[in-house]
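Novice: Quick one: the structure is below, and I'll ask about it shortly.
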Amino acid sequence: MMMDSTIIQKLDPVIDEVYKKTGISIQNFKPTFLERRIMYRMRSIGISDYEEYLRTLSSDFDEAKSLYAAFSINVTRFFRDPLVWEKLENEILPNLVKNNENPSIRAWSCGSASGEEPHSISILLDEFSKSKIKYHVYATDINNEGIIHSKKGIYEKTNLENVSSSRMLKYFLKDENQKFNVKQEIKNKIEFEKIDMLKTNRKLFDIIFCRNVLIYYPKEVHQKIYEKFFEALKPNGILILGQDESMRGTNGSNFFELLFPKERIYQKISK
Ligand SMILES: C[S@@+](CC[C@H](N)C(=O)[O-])C[C@H]1O[C@@H](n2cnc3c(N)ncnc32)[C@H](O)[C@@H]1O
């Protein structure tokens, strides 16, 4: 097998093939991440030689799709990192609607994976709004399977560990297969779209959740993303990153102020 360093030096043919076959650009991902996922695909299909893998990739349409799917690490869960959701409930949301006679809330779950995050947002906003505040959740991911799964809104018990028993009763229906279906009124508030976060032009959000997505991208790409989020948020809008993510080493602090360090909650700076 070629040394790993050879894969990382020769990523262009893979980037080109995936683009040719799926129309999707993977060039923004971290090279080390691309390399790890290529090696994972090579192991999965029993190829040990990188040149042979490149030949397979160029002749086999399904391999380009499988490789692309392998870039979408979609581990997630409902109310992931409970302290973040408590801060939202007790501080962020009350502040957002304070002094607003006709409040409404627009949230974007960016990198929504299999849908646990946008459904958690919709549940939280339903509780908070008590039917008096209008809200809308926009959920995007590059992974089509994730979006299809999200739209169904059916989950295994293991994904619901952080859901309290009162929320379970109020917002889920258990089906005959012992799976949990999110109730329709919660699903109705979410609009799912398969789209790259850098390609959407949606704006005027109060809150953007971009959690556990930036870890797959190098710092130069984070900078473009922060500019995008700055444009997409309303004045004083909120940005939430994942627990292992931060703006250190980027231009993020030109656009955002760190409100709650432990929870990685940022606020758009007024310029
Ligand atoms: C680890 S999951 C995070 C899920 C959820 N945000 C959470 O924190 O639990 C990362 C998701 O980001 C998605 N993703 C990666 N790059 C993306 C991009 N450029 N635009 C939209 N989604 C992206 C992946 O497909 C994957 O579903």
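Residues in the structure tokens are numbered from 1 in each chain, the chains being A, B, ... in the order shown, and ligands are numbered from 1 in the order shown.
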Write out as a list in words each polymer residue whose atoms come within 7 Å of stretch 240-256 of chain A, counting only C-alpha atoms; drop sequence neighbours fewer than 6 positions from it.

Specialist: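 In the requested format, the answer is Ile208, Phe209, Cys210, Arg211, Asn212, Ile215, Lys219, Gln223, Tyr226, Phe230, Glu263, Arg264, Ile265, Tyr266, Gln267, Lys268 and Ile269 of chain A.
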
Novice: Which residues of chain A have any atom within 8 Å of an atom in ligand 1 when counting only C-alpha atoms and all ligand atoms, and what is the closest pair of atoms for each, with the distance in Å to one decimal? Order the rows by chain and rising number and write it as CSV.

Specialist:
```
residue,atom,partner,partner_atom_place_in_ligand_line,distance
A:Phe29,CA,ligand 1,16 (N),8.0
A:Ala69,CA,ligand 1,25 (O),7.9
A:Phe71,CA,ligand 1,25 (O),6.9
A:Ser72,CA,ligand 1,25 (O),3.8
A:Ile73,CA,ligand 1,26 (C),5.1
A:Asn74,CA,ligand 1,2 (S),3.9
A:Val75,CA,ligand 1,1 (C),4.8
A:Thr76,CA,ligand 1,9 (O),3.6
A:Arg77,CA,ligand 1,9 (O),5.7
A:Phe78,CA,ligand 1,9 (O),7.7
A:Arg80,CA,ligand 1,9 (O),6.1
A:Ser109,CA,ligand 1,6 (N),6.8
A:Cys110,CA,ligand 1,21 (C),5.9
A:Gly111,CA,ligand 1,12 (O),3.6
A:Ser112,CA,ligand 1,6 (N),4.9
A:Ala113,CA,ligand 1,27 (O),3.3
A:Ser114,CA,ligand 1,27 (O),6.8
A:Gly115,CA,ligand 1,5 (C),7.9
A:Glu116,CA,ligand 1,9 (O),7.1
A:Glu117,CA,ligand 1,5 (C),5.7
A:Thr140,CA,ligand 1,21 (C),5.8
A:Asp141,CA,ligand 1,22 (N),3.7
A:Ile142,CA,ligand 1,22 (N),4.5
A:Asn143,CA,ligand 1,25 (O),4.8
A:Gly146,CA,ligand 1,27 (O),6.6
A:Lys194,CA,ligand 1,21 (C),7.7
A:Ile195,CA,ligand 1,21 (C),6.0
A:Asp196,CA,ligand 1,20 (N),3.6
A:Met197,CA,ligand 1,20 (N),3.9
A:Leu198,CA,ligand 1,19 (N),6.3
A:Phe209,CA,ligand 1,6 (N),7.0
A:Cys210,CA,ligand 1,6 (N),5.9
A:Arg211,CA,ligand 1,8 (O),4.2
A:Asn212,CA,ligand 1,8 (O),4.6
A:Val213,CA,ligand 1,10 (C),4.6
A:Leu214,CA,ligand 1,16 (N),7.5
A:Tyr216,CA,ligand 1,15 (C),7.1
A:Gly242,CA,ligand 1,8 (O),6.2
```

Novice: Go ahead and save the residues from that selection, with C-alpha atoms, as a PDB file, in the first residue's frame.

Specialist:
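And here's part22.pdb as it stands now:
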```
ATOM      1  CA  PHE A  29     -12.374  19.438   3.755  1.00  0.00           C
ATOM      2  CA  ALA A  69     -21.154   9.481   1.929  1.00  0.00           C
ATOM      3  CA  PHE A  71     -17.237  12.174   4.428  1.00  0.00           C
ATOM      4  CA  SER A  72     -20.460  12.743   6.244  1.00  0.00           C
ATOM      5  CA  ILE A  73     -19.769  11.658   9.808  1.00  0.00           C
ATOM      6  CA  ASN A  74     -23.199  12.058  11.239  1.00  0.00           C
ATOM      7  CA  VAL A  75     -22.962  11.067  14.891  1.00  0.00           C
ATOM      8  CA  THR A  76     -25.536  13.101  16.776  1.00  0.00           C
ATOM      9  CA  ARG A  77     -28.271  12.866  19.398  1.00  0.00           C
ATOM     10  CA  PHE A  78     -31.250  14.745  20.796  1.00  0.00           C
ATOM     11  CA  ARG A  80     -26.594  16.874  22.682  1.00  0.00           C
ATOM     12  CA  SER A 109     -29.428  23.927  12.148  1.00  0.00           C
ATOM     13  CA  CYS A 110     -26.421  23.769   9.866  1.00  0.00           C
ATOM     14  CA  GLY A 111     -25.086  20.211   9.516  1.00  0.00           C
ATOM     15  CA  SER A 112     -28.306  18.677  10.797  1.00  0.00           C
ATOM     16  CA  ALA A 113     -27.178  15.041  10.150  1.00  0.00           C
ATOM     17  CA  SER A 114     -30.087  12.645  10.839  1.00  0.00           C
ATOM     18  CA  GLY A 115     -32.274  15.377  12.322  1.00  0.00           C
ATOM     19  CA  GLU A 116     -31.908  15.062  16.085  1.00  0.00           C
ATOM     20  CA  GLU A 117     -30.626  18.649  16.431  1.00  0.00           C
ATOM     21  CA  THR A 140     -29.419  21.722   6.124  1.00  0.00           C
ATOM     22  CA  ASP A 141     -26.935  18.975   5.446  1.00  0.00           C
ATOM     23  CA  ILE A 142     -24.867  17.812   2.478  1.00  0.00           C
ATOM     24  CA  ASN A 143     -25.870  14.216   3.115  1.00  0.00           C
ATOM     25  CA  GLY A 146     -29.460  12.200   6.512  1.00  0.00           C
ATOM     26  CA  LYS A 194     -29.825  19.115   1.187  1.00  0.00           C
ATOM     27  CA  ILE A 195     -27.347  21.900   0.561  1.00  0.00           C
ATOM     28  CA  ASP A 196     -23.754  22.854   1.365  1.00  0.00           C
ATOM     29  CA  MET A 197     -23.701  25.490   4.103  1.00  0.00           C
ATOM     30  CA  LEU A 198     -21.572  27.761   1.936  1.00  0.00           C
ATOM     31  CA  PHE A 209     -26.402  26.034  15.335  1.00  0.00           C
ATOM     32  CA  CYS A 210     -23.227  24.863  13.611  1.00  0.00           C
ATOM     33  CA  ARG A 211     -22.081  22.180  15.989  1.00  0.00           C
ATOM     34  CA  ASN A 212     -19.525  19.492  15.265  1.00  0.00           C
ATOM     35  CA  VAL A 213     -19.244  20.431  11.601  1.00  0.00           C
ATOM     36  CA  LEU A 214     -16.267  22.818  11.485  1.00  0.00           C
ATOM     37  CA  TYR A 216     -13.804  18.614   9.437  1.00  0.00           C
ATOM     38  CA  GLY A 242     -19.684  22.350  19.067  1.00  0.00           C
TER      39      GLY A 242
END
```

Novice: Have a look at atom CA of A:Val14 and atom CA of A:Asp60 and let me know their distance in Å, one decimal.

Specialist: 12.6 Å

Novice: Between A:Asn162, A:Thr32, A:Gln178, A:Ser150, which has the minimum distance to A:Glu193 (counting only C-alpha atoms)?

Specialist: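 Closest candidate: A:Ser150.
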
Novice: When DSSP works through the backbone of this structure, what residues of stretch 72-263 of chain A end up as strand (DSSP E or B), shown as a PyMOL selection string?

Specialist: chain A and resi 104-110+134-141+154-155+172-174+180-182+190-194+205-210+233-241+256-260

Novice: Just give me the gap between atom CA of A:Arg41 and atom CA of A:Lys20 in Å, one decimal is fine.

Specialist: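 Between atom CA of A:Arg41 and atom CA of A:Lys20 the gap works out to 18.5 Å.
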
Novice: Between A:Lys130, A:Asn95, A:Ile123, A:Lys262, which residue has the minimum interatomic distance to A:Ser164, considering only C-alpha atoms?

Specialist: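 Answer, going by the shortest atom-to-atom distance: A:Ile123.
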
Novice: Measuring between only C-alpha atoms, which one of A:Glu185, A:Lys157, A:Phe128, A:Leu96 shows the shortest distance to A:Ile238?

Specialist: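 Closest residue, counting only C-alpha atoms: A:Leu96.
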
Novice: Near A:Lys228, within 10 Å and counting only C-alpha atoms, which residues show up once chain neighbours fewer than 4 positions away are dropped, as a list in words?

Specialist: Met197, Leu198, Lys199, Thr200, Asn201, Arg202, Lys203, His222, Gln223, Lys224, Ala232 and Leu233 of chain A

Novice: Keeping N, CA, C and O atoms for every residue in the selection just given, could you write it to a file as an mmCIF file, in the first residue's frame?

Specialist:
```
data_model
loop_
_atom_site.group_PDB
_atom_site.id
_atom_site.type_symbol
_atom_site.label_atom_id
_atom_site.label_comp_id
_atom_site.auth_asym_id
_atom_site.auth_seq_id
_atom_site.Cartn_x
_atom_site.Cartn_y
_atom_site.Cartn_z
ATOM 1 N N MET A 197 -23.464 24.264 3.320
ATOM 2 C CA MET A 197 -23.701 25.490 4.103
ATOM 3 C C MET A 197 -23.161 26.743 3.415
ATOM 4 O O MET A 197 -23.685 27.833 3.614
ATOM 5 N N LEU A 198 -22.127 26.576 2.597
ATOM 6 C CA LEU A 198 -21.572 27.761 1.936
ATOM 7 C C LEU A 198 -22.408 28.190 0.730
ATOM 8 O O LEU A 198 -22.184 29.250 0.159
ATOM 9 N N LYS A 199 -23.367 27.367 0.337
ATOM 10 C CA LYS A 199 -24.133 27.675 -0.868
ATOM 11 C C LYS A 199 -25.515 28.292 -0.597
ATOM 12 O O LYS A 199 -26.138 28.823 -1.497
ATOM 13 N N THR A 200 -25.986 28.174 0.639
ATOM 14 C CA THR A 200 -27.335 28.704 0.893
ATOM 15 C C THR A 200 -27.286 30.230 1.074
ATOM 16 O O THR A 200 -26.305 30.768 1.579
ATOM 17 N N ASN A 201 -28.368 30.876 0.634
ATOM 18 C CA ASN A 201 -28.404 32.337 0.775
ATOM 19 C C ASN A 201 -29.441 32.800 1.776
ATOM 20 O O ASN A 201 -29.801 33.970 1.789
ATOM 21 N N ARG A 202 -29.928 31.846 2.583
ATOM 22 C CA ARG A 202 -30.935 32.237 3.566
ATOM 23 C C ARG A 202 -30.360 33.237 4.568
ATOM 24 O O ARG A 202 -29.192 33.145 4.934
ATOM 25 N N LYS A 203 -31.238 34.140 5.029
ATOM 26 C CA LYS A 203 -30.769 35.187 5.951
ATOM 27 C C LYS A 203 -31.773 35.407 7.088
ATOM 28 O O LYS A 203 -32.762 34.703 7.173
ATOM 29 N N HIS A 222 -13.044 27.950 7.872
ATOM 30 C CA HIS A 222 -13.847 28.503 8.976
ATOM 31 C C HIS A 222 -14.074 29.995 8.743
ATOM 32 O O HIS A 222 -15.140 30.525 9.021
ATOM 33 N N GLN A 223 -13.032 30.667 8.258
ATOM 34 C CA GLN A 223 -13.132 32.131 8.087
ATOM 35 C C GLN A 223 -14.266 32.478 7.131
ATOM 36 O O GLN A 223 -15.062 33.362 7.393
ATOM 37 N N LYS A 224 -14.343 31.732 6.003
ATOM 38 C CA LYS A 224 -15.415 32.000 5.031
ATOM 39 C C LYS A 224 -16.778 31.730 5.678
ATOM 40 O O LYS A 224 -17.749 32.428 5.436
ATOM 41 N N ALA A 232 -25.761 36.059 7.595
ATOM 42 C CA ALA A 232 -27.046 35.352 7.699
ATOM 43 C C ALA A 232 -27.804 35.664 8.993
ATOM 44 O O ALA A 232 -29.006 35.397 9.085
ATOM 45 N N LEU A 233 -27.096 36.230 9.986
ATOM 46 C CA LEU A 233 -27.757 36.491 11.273
ATOM 47 C C LEU A 233 -28.340 37.897 11.343
ATOM 48 O O LEU A 233 -27.797 38.833 10.756
#
```
